[in-house]
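The structure appears below as structure tokens.
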Amino acid sequence: MAKVGIIGIGFMGKMHFGVYKASDKAEVVAIADVDEKKLAGDWSAIAGNIGAPSAKNVDLTGISTYQDPEDLIADPNVEVIDVCTPPRSHARWVIAALDEGKSVICEKPIALSLEDAQKMIVAAEGSDGNLYIAHCIRFWPEYAAAKRIIDEGEYGKVNSATFRRVGATPTWGWQNWFLDPERSGGAIADLHIHDVDFINYVFGIPKAVFARGLVGAISRNGIDQIVAQYIYDDGPIVSAEGSWLCGKTAPFSMTFTIELEGATLDFSAGNPLTVYPKDGEAQVVDVGEGDGYSLEIEHFLDCIAAGKPSEIISPEDAAAALRVIEAEKESVRTGQVVEIG
Ligand SMILES: NC(=O)c1ccc[n+]([C@@H]2O[C@H](COP(=O)([O-])OP(=O)(O)OC[C@H]3O[C@@H](n4cnc5c(N)ncnc54)[C@H](O)[C@@H]3O)[C@@H](O)[C@H]2O)c1
């Protein structure tokens, strides 16, 4: 059983805590948060775009609590560090934990700058621990199944793919950090990066991007809505939209439609993942058991037990997603197609 310490008990920290509680591969032995109420078990202020309401009296018996993440990292009883704070602080805690020789699971985006991401990669290379970035969409059942169907090749090559991820303005974060682009990177780094990472995973890093975005519609000078095209030599036509400008009561929605030579693969309009062959009946895809967060963390725990990096998501992959969104930002700024170096 891996002994895990979680830094940041917000929407994602709570989600990860629940996954560890349900797993026989790990136990949470410590948590750290600046908020004393959370350390006392009152998690009622935690909210997000999916999931159940949070409890006021979480049982933290036997769990060490720290206000300063450095103290959690130094706790000899903690073997694995799980970083669930807003992204501007990821590099600081991740590097400190790797320098202690501990393995680290860290929420996406890996960081807000390529410089920080590179420092984290270097720290992981010099550590006895490994670094796992939680790009959960690679594990999300419908998305993982779509990649499997594409890779199996039964329906030929992909002609085009469209991804969409939209929801209400996130006003639930600690100190409203989502709406401060200095701390969140805006909708593009927070939400849209999920699809960017999946596009890289399935189709490879694009040669160039072209993007239009709404800047400062809600956040201070951040990109609140983006529509981007990913340009491949001889590859499919790929586009993605991300937005957090939907109305307060609009449900969070993540969808895609992938046109293959022999079939349409669709996960939209509230329907299960479905294959529509060019000839023949529609087939609902069996995406298997489990949810994306559990599948992701169980995979990381298996890697940690085996002392090896993840073959599904590397820190370099997470940095590549950041590189693509940096190019998208430049495209929004300049109105030009931007090559990805
Ligand atoms: N994979 C996903 O689907 C998904 C969904 C939501 C958020 N996230 C990611 O998870 C991370 C956290 O987001 P969230 O929605 O949980 O945010 P949140 O605002 O709900 O929680 C952040 C928590 O971190 C704590 N915190 C902040 N600074 C701290 C510090 N210096 N030391 C200790 N604690 C500190 C806050 O008190 C708060 O409890 C972000 O990187 C975000 O992008 C991922």
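In the structure tokens, the first chain shown is A, the next is B, and so on; residue numbers restart at 1 for each chain, and ligands run from 1 in the order shown.
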Checklist line | For Arg165 of chain A: contacts at 9 Å, only C-alpha atoms, fewer than 6 positions along chain excluded, given as a PyMOL selection string | finding: chain A and resi 191-192+194-195+240-244+252-256
Kindly assemble as CSV a list of the chain A residues that lie within 7 Å of ligand 1, each paired with its nearest atom pair and their distance in Å to one decimal, using only C-alpha atoms and all ligand atoms, sorted first by chain and then by ascending residue number.
```
residue,atom,partner,partner_atom_place_in_ligand_line,distance
A:Ile7,CA,ligand 1,33 (C),5.9
A:Gly8,CA,ligand 1,24 (O),3.6
A:Ile9,CA,ligand 1,39 (O),4.2
A:Gly10,CA,ligand 1,21 (O),3.1
A:Phe11,CA,ligand 1,16 (O),3.6
A:Met12,CA,ligand 1,16 (O),3.8
A:Gly13,CA,ligand 1,16 (O),5.6
A:Ala32,CA,ligand 1,33 (C),5.6
A:Asp33,CA,ligand 1,34 (N),3.5
A:Val34,CA,ligand 1,33 (C),4.4
A:Asp35,CA,ligand 1,37 (O),5.0
A:Ile46,CA,ligand 1,20 (O),5.9
A:Ala47,CA,ligand 1,20 (O),6.4
A:Gly48,CA,ligand 1,15 (O),6.4
A:Gln67,CA,ligand 1,33 (C),6.2
A:Asp68,CA,ligand 1,32 (N),5.9
A:Pro69,CA,ligand 1,32 (N),5.6
A:Cys84,CA,ligand 1,11 (C),4.5
A:Thr85,CA,ligand 1,24 (O),4.0
A:Pro86,CA,ligand 1,40 (C),4.2
A:Pro87,CA,ligand 1,41 (O),4.4
A:Ser89,CA,ligand 1,31 (N),6.8
A:Glu107,CA,ligand 1,41 (O),4.8
A:Lys108,CA,ligand 1,41 (O),5.0
A:Pro109,CA,ligand 1,41 (O),5.8
A:Ala134,CA,ligand 1,1 (N),6.2
A:His135,CA,ligand 1,1 (N),6.1
A:Cys136,CA,ligand 1,1 (N),5.4
A:Trp172,CA,ligand 1,20 (O),6.8
A:Gly173,CA,ligand 1,19 (O),3.4
A:Trp174,CA,ligand 1,19 (O),3.7
A:Trp177,CA,ligand 1,19 (O),6.8
A:Asp190,CA,ligand 1,43 (O),5.1
```
Those residues with N, CA, C and O atoms, as a compact mmCIF listing (two decimals), in the first residue's frame please?
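Dumped everything to again03.txt:
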```txt
# COMPACT_ATOMS: atom_id res chain seq x y z
N ILE A 7 -1.46 17.35 -1.34
CA ILE A 7 -1.29 18.80 -1.12
C ILE A 7 -2.42 19.51 -1.87
O ILE A 7 -2.50 19.41 -3.10
N GLY A 8 -3.29 20.21 -1.15
CA GLY A 8 -4.41 20.92 -1.77
C GLY A 8 -5.67 20.10 -1.72
O GLY A 8 -5.85 19.16 -2.51
N ILE A 9 -6.53 20.44 -0.77
CA ILE A 9 -7.80 19.70 -0.64
C ILE A 9 -8.92 20.59 -1.17
O ILE A 9 -9.69 21.21 -0.44
N GLY A 10 -8.97 20.70 -2.50
CA GLY A 10 -10.05 21.41 -3.17
C GLY A 10 -10.84 20.39 -3.98
O GLY A 10 -10.93 19.22 -3.61
N PHE A 11 -11.36 20.85 -5.10
CA PHE A 11 -12.18 19.97 -5.94
C PHE A 11 -11.41 18.70 -6.34
O PHE A 11 -11.91 17.58 -6.21
N MET A 12 -10.17 18.88 -6.79
CA MET A 12 -9.42 17.69 -7.24
C MET A 12 -8.81 16.92 -6.08
O MET A 12 -8.76 15.69 -6.11
N GLY A 13 -8.34 17.62 -5.05
CA GLY A 13 -7.79 16.92 -3.88
C GLY A 13 -8.84 16.01 -3.27
O GLY A 13 -8.56 14.86 -2.91
N ALA A 32 -2.26 18.37 3.19
CA ALA A 32 -1.80 19.73 3.48
C ALA A 32 -2.71 20.72 2.77
O ALA A 32 -3.10 20.49 1.61
N ASP A 33 -3.07 21.77 3.48
CA ASP A 33 -3.85 22.83 2.86
C ASP A 33 -3.69 24.09 3.71
O ASP A 33 -3.56 23.99 4.94
N VAL A 34 -3.71 25.24 3.03
CA VAL A 34 -3.60 26.50 3.78
C VAL A 34 -4.86 26.76 4.61
O VAL A 34 -4.83 27.52 5.57
N ASP A 35 -5.95 26.11 4.23
CA ASP A 35 -7.25 26.36 4.86
C ASP A 35 -7.43 25.43 6.08
O ASP A 35 -7.58 24.22 5.93
N ILE A 46 -15.96 23.03 -0.66
CA ILE A 46 -15.39 22.53 -1.91
C ILE A 46 -16.49 22.35 -2.95
O ILE A 46 -17.53 21.75 -2.68
N ALA A 47 -16.25 22.88 -4.15
CA ALA A 47 -17.23 22.73 -5.24
C ALA A 47 -16.49 22.57 -6.56
O ALA A 47 -15.28 22.78 -6.63
N GLY A 48 -17.23 22.18 -7.59
CA GLY A 48 -16.62 22.00 -8.91
C GLY A 48 -17.70 21.85 -9.96
O GLY A 48 -18.88 22.07 -9.67
N GLN A 67 -0.40 22.67 7.41
CA GLN A 67 -0.74 23.88 6.65
C GLN A 67 0.33 24.17 5.61
O GLN A 67 0.04 24.72 4.55
N ASP A 68 1.56 23.77 5.92
CA ASP A 68 2.67 24.04 5.00
C ASP A 68 3.03 22.76 4.23
O ASP A 68 3.46 21.77 4.83
N PRO A 69 2.87 22.77 2.91
CA PRO A 69 3.19 21.57 2.12
C PRO A 69 4.62 21.06 2.33
O PRO A 69 4.87 19.86 2.20
N CYS A 84 -2.33 18.79 -5.74
CA CYS A 84 -3.64 19.22 -6.26
C CYS A 84 -3.90 20.70 -5.95
O CYS A 84 -5.04 21.10 -5.71
N THR A 85 -2.86 21.49 -5.96
CA THR A 85 -3.02 22.94 -5.77
C THR A 85 -3.20 23.60 -7.14
O THR A 85 -2.94 22.97 -8.18
N PRO A 86 -3.59 24.88 -7.17
CA PRO A 86 -3.62 25.59 -8.46
C PRO A 86 -2.23 25.55 -9.13
O PRO A 86 -1.20 25.46 -8.44
N PRO A 87 -2.20 25.61 -10.46
CA PRO A 87 -0.98 25.23 -11.19
C PRO A 87 0.25 26.10 -10.98
O PRO A 87 1.36 25.62 -11.19
N SER A 89 1.71 26.85 -8.40
CA SER A 89 2.59 26.29 -7.36
C SER A 89 3.03 24.86 -7.65
O SER A 89 3.78 24.28 -6.87
N GLU A 107 -1.52 17.23 -10.61
CA GLU A 107 -2.63 17.59 -11.49
C GLU A 107 -2.14 18.35 -12.73
O GLU A 107 -1.07 18.95 -12.73
N LYS A 108 -2.93 18.30 -13.78
CA LYS A 108 -2.68 19.10 -14.98
C LYS A 108 -3.07 20.53 -14.70
O LYS A 108 -3.86 20.75 -13.77
N PRO A 109 -2.66 21.52 -15.45
CA PRO A 109 -1.54 21.46 -16.38
C PRO A 109 -0.24 21.29 -15.59
O PRO A 109 -0.18 21.70 -14.43
N ALA A 134 -1.41 14.24 -14.18
CA ALA A 134 -2.78 13.68 -14.22
C ALA A 134 -3.61 14.24 -15.38
O ALA A 134 -4.58 14.97 -15.17
N HIS A 135 -3.22 13.87 -16.59
CA HIS A 135 -4.04 14.21 -17.75
C HIS A 135 -5.10 13.12 -17.89
O HIS A 135 -4.96 12.16 -18.65
N CYS A 136 -6.18 13.31 -17.13
CA CYS A 136 -7.17 12.23 -16.94
C CYS A 136 -7.88 11.80 -18.21
O CYS A 136 -8.39 10.68 -18.28
N TRP A 172 -15.90 28.79 -8.34
CA TRP A 172 -15.88 28.03 -7.08
C TRP A 172 -14.47 27.83 -6.51
O TRP A 172 -14.31 27.32 -5.43
N GLY A 173 -13.43 28.23 -7.23
CA GLY A 173 -12.05 27.92 -6.80
C GLY A 173 -11.60 28.73 -5.60
O GLY A 173 -12.18 29.78 -5.28
N TRP A 174 -10.57 28.26 -4.96
CA TRP A 174 -9.93 28.95 -3.83
C TRP A 174 -9.50 30.35 -4.27
O TRP A 174 -8.82 30.49 -5.29
N TRP A 177 -9.24 31.67 -8.06
CA TRP A 177 -8.00 31.64 -8.85
C TRP A 177 -8.24 31.34 -10.33
O TRP A 177 -7.44 31.77 -11.18
N ASP A 190 -6.59 25.70 -18.45
CA ASP A 190 -7.30 24.95 -17.43
C ASP A 190 -8.14 23.82 -18.01
O ASP A 190 -8.10 22.68 -17.54
```
Checklist line | Nearest to Pro76 of chain A by atom-to-atom distance, counting only C-alpha atoms, from A:Phe300, A:Glu100, A:Ile258, A:Gly216 | finding: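 Of all the options, A:Glu100 lies closest to Pro76 of chain A.
Proximity of A:Glu296, A:Glu142, A:Asp291, A:Asp99 to Gly126 of chain A, computed with only C-alpha atoms, is greatest for A:Asp99.
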As a tab-separated table (two decimals) with all heavy atoms, in the first residue's frame, list the residues of segment 15-111 of chain A assigned to helix (DSSP H, G or I) by DSSP on the backbone atoms of this structure.
```
chain	number	residue	atom	x	y	z
A	15	MET	N	-11.40	14.74	-4.86
A	15	MET	CA	-11.64	13.65	-5.83
A	15	MET	C	-10.58	12.56	-5.67
A	15	MET	O	-10.89	11.37	-5.58
A	15	MET	CB	-11.60	14.23	-7.24
A	15	MET	CG	-12.00	13.30	-8.34
A	15	MET	SD	-13.77	13.07	-8.39
A	15	MET	CE	-14.32	14.58	-9.19
A	16	HIS	N	-9.31	12.96	-5.61
A	16	HIS	CA	-8.21	11.99	-5.47
A	16	HIS	C	-8.33	11.26	-4.12
A	16	HIS	O	-8.11	10.05	-4.05
A	16	HIS	CB	-6.85	12.69	-5.57
A	16	HIS	CG	-6.51	13.14	-6.97
A	16	HIS	ND1	-5.23	13.44	-7.37
A	16	HIS	CD2	-7.29	13.36	-8.06
A	16	HIS	CE1	-5.24	13.81	-8.65
A	16	HIS	NE2	-6.48	13.78	-9.07
A	17	PHE	N	-8.65	12.01	-3.06
A	17	PHE	CA	-8.82	11.41	-1.74
A	17	PHE	C	-9.84	10.25	-1.82
A	17	PHE	O	-9.59	9.15	-1.31
A	17	PHE	CB	-9.32	12.50	-0.77
A	17	PHE	CG	-9.46	12.06	0.66
A	17	PHE	CD1	-8.38	12.13	1.54
A	17	PHE	CD2	-10.68	11.61	1.16
A	17	PHE	CE1	-8.50	11.74	2.87
A	17	PHE	CE2	-10.83	11.22	2.48
A	17	PHE	CZ	-9.74	11.29	3.35
A	18	GLY	N	-10.96	10.50	-2.50
A	18	GLY	CA	-12.00	9.47	-2.64
A	18	GLY	C	-11.48	8.25	-3.40
A	18	GLY	O	-11.81	7.11	-3.06
A	19	VAL	N	-10.66	8.49	-4.43
A	19	VAL	CA	-10.12	7.37	-5.21
A	19	VAL	C	-9.19	6.52	-4.34
A	19	VAL	O	-9.26	5.29	-4.34
A	19	VAL	CB	-9.39	7.88	-6.48
A	19	VAL	CG1	-8.68	6.73	-7.19
A	19	VAL	CG2	-10.36	8.56	-7.42
A	20	TYR	N	-8.31	7.18	-3.57
A	20	TYR	CA	-7.39	6.42	-2.69
A	20	TYR	C	-8.17	5.63	-1.65
A	20	TYR	O	-7.83	4.50	-1.34
A	20	TYR	CB	-6.40	7.36	-1.99
A	20	TYR	CG	-5.43	8.05	-2.93
A	20	TYR	CD1	-5.36	9.44	-2.97
A	20	TYR	CD2	-4.60	7.32	-3.77
A	20	TYR	CE1	-4.47	10.08	-3.83
A	20	TYR	CE2	-3.71	7.96	-4.63
A	20	TYR	CZ	-3.66	9.34	-4.65
A	20	TYR	OH	-2.79	9.97	-5.51
A	21	LYS	N	-9.22	6.26	-1.10
A	21	LYS	CA	-10.03	5.58	-0.08
A	21	LYS	C	-10.62	4.29	-0.63
A	21	LYS	O	-10.73	3.29	0.07
A	21	LYS	CB	-11.19	6.48	0.38
A	21	LYS	CG	-10.78	7.64	1.25
A	21	LYS	CD	-10.53	7.26	2.69
A	21	LYS	CE	-11.78	7.41	3.53
A	21	LYS	NZ	-11.47	7.22	4.95
A	22	ALA	N	-10.99	4.31	-1.91
A	22	ALA	CA	-11.65	3.15	-2.53
A	22	ALA	C	-10.63	2.13	-3.05
A	22	ALA	O	-11.01	1.03	-3.45
A	22	ALA	CB	-12.54	3.62	-3.67
A	36	GLU	N	-7.44	26.02	7.28
A	36	GLU	CA	-7.53	25.21	8.51
A	36	GLU	C	-8.83	24.41	8.58
A	36	GLU	O	-8.87	23.33	9.15
A	36	GLU	CB	-7.41	26.11	9.73
A	36	GLU	CG	-5.97	26.51	10.00
A	36	GLU	CD	-5.82	27.34	11.26
A	36	GLU	OE1	-6.81	27.59	11.95
A	36	GLU	OE2	-4.67	27.73	11.53
A	37	LYS	N	-9.91	24.98	8.02
A	37	LYS	CA	-11.20	24.27	8.04
A	37	LYS	C	-11.09	22.92	7.35
A	37	LYS	O	-11.62	21.91	7.80
A	37	LYS	CB	-12.27	25.09	7.33
A	37	LYS	CG	-12.96	26.12	8.20
A	37	LYS	CD	-14.05	26.75	7.37
A	37	LYS	CE	-15.16	27.28	8.26
A	37	LYS	NZ	-16.23	27.87	7.47
A	38	LYS	N	-10.38	22.91	6.22
A	38	LYS	CA	-10.22	21.65	5.47
A	38	LYS	C	-9.44	20.65	6.31
A	38	LYS	O	-9.72	19.45	6.30
A	38	LYS	CB	-9.49	21.91	4.15
A	38	LYS	CG	-10.17	22.97	3.28
A	38	LYS	CD	-10.60	22.42	1.96
A	38	LYS	CE	-11.33	23.41	1.11
A	38	LYS	NZ	-10.46	24.20	0.27
A	39	LEU	N	-8.44	21.14	7.03
A	39	LEU	CA	-7.61	20.25	7.86
A	39	LEU	C	-8.42	19.70	9.04
A	39	LEU	O	-8.11	18.63	9.58
A	39	LEU	CB	-6.37	20.99	8.37
A	39	LEU	CG	-5.45	21.56	7.28
A	39	LEU	CD1	-4.23	22.23	7.90
A	39	LEU	CD2	-5.01	20.48	6.29
A	69	PRO	N	2.87	22.77	2.91
A	69	PRO	CA	3.19	21.57	2.12
A	69	PRO	C	4.62	21.06	2.33
A	69	PRO	O	4.87	19.86	2.20
A	69	PRO	CB	2.97	22.03	0.68
A	69	PRO	CG	1.99	23.14	0.78
A	69	PRO	CD	2.30	23.84	2.05
A	70	GLU	N	5.55	21.96	2.65
A	70	GLU	CA	6.94	21.52	2.88
A	70	GLU	C	6.98	20.50	4.02
A	70	GLU	O	7.78	19.56	3.99
A	70	GLU	CB	7.84	22.72	3.25
A	70	GLU	CG	7.91	23.82	2.23
A	70	GLU	CD	8.92	23.54	1.12
A	70	GLU	OE1	9.56	22.48	1.13
A	70	GLU	OE2	9.05	24.42	0.23
A	71	ASP	N	6.15	20.70	5.04
A	71	ASP	CA	6.14	19.77	6.18
A	71	ASP	C	5.59	18.40	5.77
A	71	ASP	O	6.07	17.37	6.22
A	71	ASP	CB	5.31	20.35	7.34
A	71	ASP	CG	5.95	21.61	7.91
A	71	ASP	OD1	7.19	21.73	7.81
A	71	ASP	OD2	5.22	22.47	8.44
A	72	LEU	N	4.59	18.42	4.90
A	72	LEU	CA	4.06	17.13	4.39
A	72	LEU	C	5.12	16.41	3.57
A	72	LEU	O	5.33	15.19	3.71
A	72	LEU	CB	2.79	17.38	3.57
A	72	LEU	CG	2.15	16.14	2.95
A	72	LEU	CD1	0.62	16.25	2.94
A	72	LEU	CD2	2.64	15.87	1.53
A	73	ILE	N	5.81	17.17	2.73
A	73	ILE	CA	6.84	16.55	1.87
A	73	ILE	C	7.95	15.94	2.74
A	73	ILE	O	8.47	14.85	2.43
A	73	ILE	CB	7.40	17.61	0.88
A	73	ILE	CG1	6.30	17.98	-0.14
A	73	ILE	CG2	8.66	17.10	0.16
A	73	ILE	CD1	6.59	19.23	-0.96
A	74	ALA	N	8.28	16.60	3.84
A	74	ALA	CA	9.37	16.11	4.71
A	74	ALA	C	8.92	14.97	5.62
A	74	ALA	O	9.77	14.30	6.23
A	74	ALA	CB	9.90	17.27	5.55
A	87	PRO	N	-2.20	25.61	-10.46
A	87	PRO	CA	-0.98	25.23	-11.19
A	87	PRO	C	0.25	26.10	-10.98
A	87	PRO	O	1.36	25.62	-11.19
A	87	PRO	CB	-1.42	25.27	-12.65
A	87	PRO	CG	-2.70	25.98	-12.69
A	87	PRO	CD	-3.34	25.85	-11.35
A	88	ARG	N	0.08	27.35	-10.57
A	88	ARG	CA	1.27	28.19	-10.42
A	88	ARG	C	2.23	27.61	-9.38
A	88	ARG	O	3.43	27.84	-9.45
A	88	ARG	CB	0.88	29.63	-10.07
A	88	ARG	CG	2.01	30.61	-10.35
A	88	ARG	CD	1.59	32.04	-10.28
A	88	ARG	NE	1.05	32.38	-8.96
A	88	ARG	CZ	0.62	33.57	-8.63
A	88	ARG	NH1	0.62	34.54	-9.52
A	88	ARG	NH2	0.14	33.82	-7.43
A	89	SER	N	1.71	26.85	-8.40
A	89	SER	CA	2.59	26.29	-7.36
A	89	SER	C	3.03	24.86	-7.65
A	89	SER	O	3.78	24.28	-6.87
A	89	SER	CB	1.88	26.35	-6.00
A	89	SER	OG	0.69	25.58	-6.03
A	90	HIS	N	2.58	24.27	-8.78
A	90	HIS	CA	2.93	22.87	-9.04
A	90	HIS	C	4.45	22.64	-9.00
A	90	HIS	O	4.93	21.72	-8.37
A	90	HIS	CB	2.39	22.42	-10.40
A	90	HIS	CG	0.91	22.20	-10.42
A	90	HIS	ND1	0.23	21.80	-11.54
A	90	HIS	CD2	-0.04	22.31	-9.46
A	90	HIS	CE1	-1.05	21.68	-11.28
A	90	HIS	NE2	-1.26	22.00	-10.02
A	91	ALA	N	5.18	23.50	-9.73
A	91	ALA	CA	6.64	23.27	-9.86
A	91	ALA	C	7.30	23.26	-8.48
A	91	ALA	O	8.14	22.40	-8.19
A	91	ALA	CB	7.26	24.34	-10.73
A	92	ARG	N	6.89	24.18	-7.63
A	92	ARG	CA	7.53	24.29	-6.31
A	92	ARG	C	7.39	23.00	-5.51
A	92	ARG	O	8.37	22.44	-5.01
A	92	ARG	CB	6.90	25.46	-5.55
A	92	ARG	CG	7.53	25.67	-4.21
A	92	ARG	CD	7.02	26.94	-3.56
A	92	ARG	NE	7.51	26.98	-2.19
A	92	ARG	CZ	7.05	27.79	-1.27
A	92	ARG	NH1	6.10	28.64	-1.55
A	92	ARG	NH2	7.56	27.76	-0.05
A	93	TRP	N	6.17	22.48	-5.39
A	93	TRP	CA	5.96	21.28	-4.56
A	93	TRP	C	6.49	20.03	-5.25
A	93	TRP	O	7.03	19.14	-4.60
A	93	TRP	CB	4.48	21.09	-4.20
A	93	TRP	CG	3.79	22.33	-3.72
A	93	TRP	CD1	2.61	22.83	-4.18
A	93	TRP	CD2	4.23	23.24	-2.70
A	93	TRP	NE1	2.28	23.99	-3.52
A	93	TRP	CE2	3.25	24.26	-2.60
A	93	TRP	CE3	5.34	23.30	-1.86
A	93	TRP	CZ2	3.36	25.32	-1.71
A	93	TRP	CZ3	5.45	24.36	-0.97
A	93	TRP	CH2	4.47	25.34	-0.90
A	94	VAL	N	6.32	19.98	-6.56
A	94	VAL	CA	6.78	18.79	-7.30
A	94	VAL	C	8.30	18.65	-7.19
A	94	VAL	O	8.82	17.56	-6.90
A	94	VAL	CB	6.33	18.87	-8.78
A	94	VAL	CG1	7.09	17.86	-9.64
A	94	VAL	CG2	4.83	18.64	-8.90
A	95	ILE	N	9.01	19.75	-7.39
A	95	ILE	CA	10.48	19.68	-7.36
A	95	ILE	C	10.95	19.36	-5.94
A	95	ILE	O	11.85	18.52	-5.74
A	95	ILE	CB	11.09	20.99	-7.91
A	95	ILE	CG1	10.79	21.09	-9.41
A	95	ILE	CG2	12.60	21.04	-7.65
A	95	ILE	CD1	11.11	22.42	-10.05
A	96	ALA	N	10.31	19.97	-4.94
A	96	ALA	CA	10.71	19.68	-3.54
A	96	ALA	C	10.50	18.19	-3.23
A	96	ALA	O	11.36	17.55	-2.59
A	96	ALA	CB	9.89	20.54	-2.58
A	97	ALA	N	9.41	17.62	-3.69
A	97	ALA	CA	9.12	16.20	-3.39
A	97	ALA	C	10.07	15.28	-4.16
A	97	ALA	O	10.58	14.30	-3.61
A	97	ALA	CB	7.67	15.89	-3.76
A	98	LEU	N	10.33	15.60	-5.43
A	98	LEU	CA	11.27	14.78	-6.22
A	98	LEU	C	12.67	14.86	-5.61
A	98	LEU	O	13.39	13.85	-5.58
A	98	LEU	CB	11.28	15.24	-7.67
A	98	LEU	CG	10.03	14.90	-8.50
A	98	LEU	CD1	10.02	15.68	-9.81
A	98	LEU	CD2	9.93	13.40	-8.77
A	99	ASP	N	13.04	16.03	-5.12
A	99	ASP	CA	14.36	16.19	-4.49
A	99	ASP	C	14.48	15.33	-3.23
A	99	ASP	O	15.59	14.98	-2.81
A	99	ASP	CB	14.65	17.66	-4.16
A	99	ASP	CG	14.96	18.47	-5.43
A	99	ASP	OD1	15.13	17.85	-6.50
A	99	ASP	OD2	15.04	19.71	-5.34
```
Notebook entry, point to check: Residues at most 8 Å from segment 309-320 of chain A, counting only C-alpha atoms, excluding those fewer than 3 positions away in the same chain, as a PyMOL selection string?
Noted result: chain A and resi 108-110+114+117-118+121+130-133+135+138+197+200+205+299-300+303-304+323-324
Output for the residues just chosen: N, CA and C atoms as a compact mmCIF listing (two decimals), in the first residue's frame:
```txt
# COMPACT_ATOMS: atom_id res chain seq x y z
N LYS A 108 -2.93 18.30 -13.78
CA LYS A 108 -2.68 19.10 -14.98
C LYS A 108 -3.07 20.53 -14.70
N PRO A 109 -2.66 21.52 -15.45
CA PRO A 109 -1.54 21.46 -16.38
C PRO A 109 -0.24 21.29 -15.59
N ILE A 110 0.77 20.70 -16.22
CA ILE A 110 2.01 20.44 -15.48
C ILE A 110 2.49 21.73 -14.81
N LEU A 114 6.68 26.97 -19.77
CA LEU A 114 7.54 25.88 -20.25
C LEU A 114 8.82 25.80 -19.43
N ALA A 117 7.97 23.75 -16.42
CA ALA A 117 7.78 22.35 -16.82
C ALA A 117 9.14 21.68 -17.04
N GLN A 118 10.06 22.42 -17.68
CA GLN A 118 11.39 21.85 -17.94
C GLN A 118 12.13 21.58 -16.64
N ILE A 121 10.85 18.39 -15.21
CA ILE A 121 11.35 17.23 -15.95
C ILE A 121 12.78 16.91 -15.51
N ASN A 130 9.41 9.04 -9.50
CA ASN A 130 8.93 9.36 -10.85
C ASN A 130 7.86 10.44 -10.77
N LEU A 131 7.63 11.10 -11.90
CA LEU A 131 6.62 12.16 -11.96
C LEU A 131 5.49 11.73 -12.92
N TYR A 132 4.26 11.81 -12.41
CA TYR A 132 3.08 11.41 -13.18
C TYR A 132 2.13 12.60 -13.26
N ILE A 133 1.86 13.08 -14.46
CA ILE A 133 0.97 14.24 -14.61
C ILE A 133 -0.44 13.73 -14.95
N HIS A 135 -3.22 13.87 -16.59
CA HIS A 135 -4.04 14.21 -17.75
C HIS A 135 -5.10 13.12 -17.89
N ARG A 138 -6.75 10.93 -21.01
CA ARG A 138 -6.13 9.73 -21.62
C ARG A 138 -6.71 8.45 -21.01
N ASP A 197 -4.12 17.83 -25.12
CA ASP A 197 -3.30 16.66 -24.76
C ASP A 197 -3.81 15.41 -25.46
N ASN A 200 -2.77 15.46 -29.11
CA ASN A 200 -1.35 15.07 -29.21
C ASN A 200 -1.22 13.54 -29.08
N ILE A 205 1.94 15.51 -32.12
CA ILE A 205 2.01 16.96 -31.95
C ILE A 205 1.83 17.60 -33.33
N HIS A 299 -3.61 3.38 -12.32
CA HIS A 299 -2.47 3.18 -13.24
C HIS A 299 -1.19 3.77 -12.62
N PHE A 300 -1.29 5.00 -12.09
CA PHE A 300 -0.10 5.62 -11.49
C PHE A 300 0.38 4.78 -10.29
N CYS A 303 2.31 1.89 -11.53
CA CYS A 303 3.65 2.33 -11.97
C CYS A 303 4.55 2.55 -10.76
N ILE A 304 4.02 3.18 -9.73
CA ILE A 304 4.82 3.47 -8.52
C ILE A 304 5.25 2.16 -7.87
N ARG A 323 3.18 23.38 -24.74
CA ARG A 323 3.79 23.99 -25.93
C ARG A 323 2.72 24.32 -26.97
N VAL A 324 1.79 23.41 -27.15
CA VAL A 324 0.74 23.64 -28.16
C VAL A 324 -0.15 24.80 -27.73
```
Next item on the list: From segment 258-312 of chain A, collect each residue whose DSSP state is strand (DSSP E or B) and return the set as number ranges by chain.
Entry: A: 258-260, 263-267, 274-277, 283-284
Item checked: Of the listed residues A:Thr264, A:Ile149, A:Ser219, A:Leu301, that which approaches Glu281 of chain A most closely, counting only C-alpha atoms ->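 Ranking A:Thr264, A:Ile149, A:Ser219, A:Leu301 by distance to Glu281 of chain A, first place goes to A:Thr264.
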Item checked: Residue among A:Asn57, A:Phe163, A:Lys119, A:Lys329 lying closest to Ala187 of chain A, counting only C-alpha atoms ->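 Checking each candidate against Ala187 of chain A, we get A:Lys329 as the closest.
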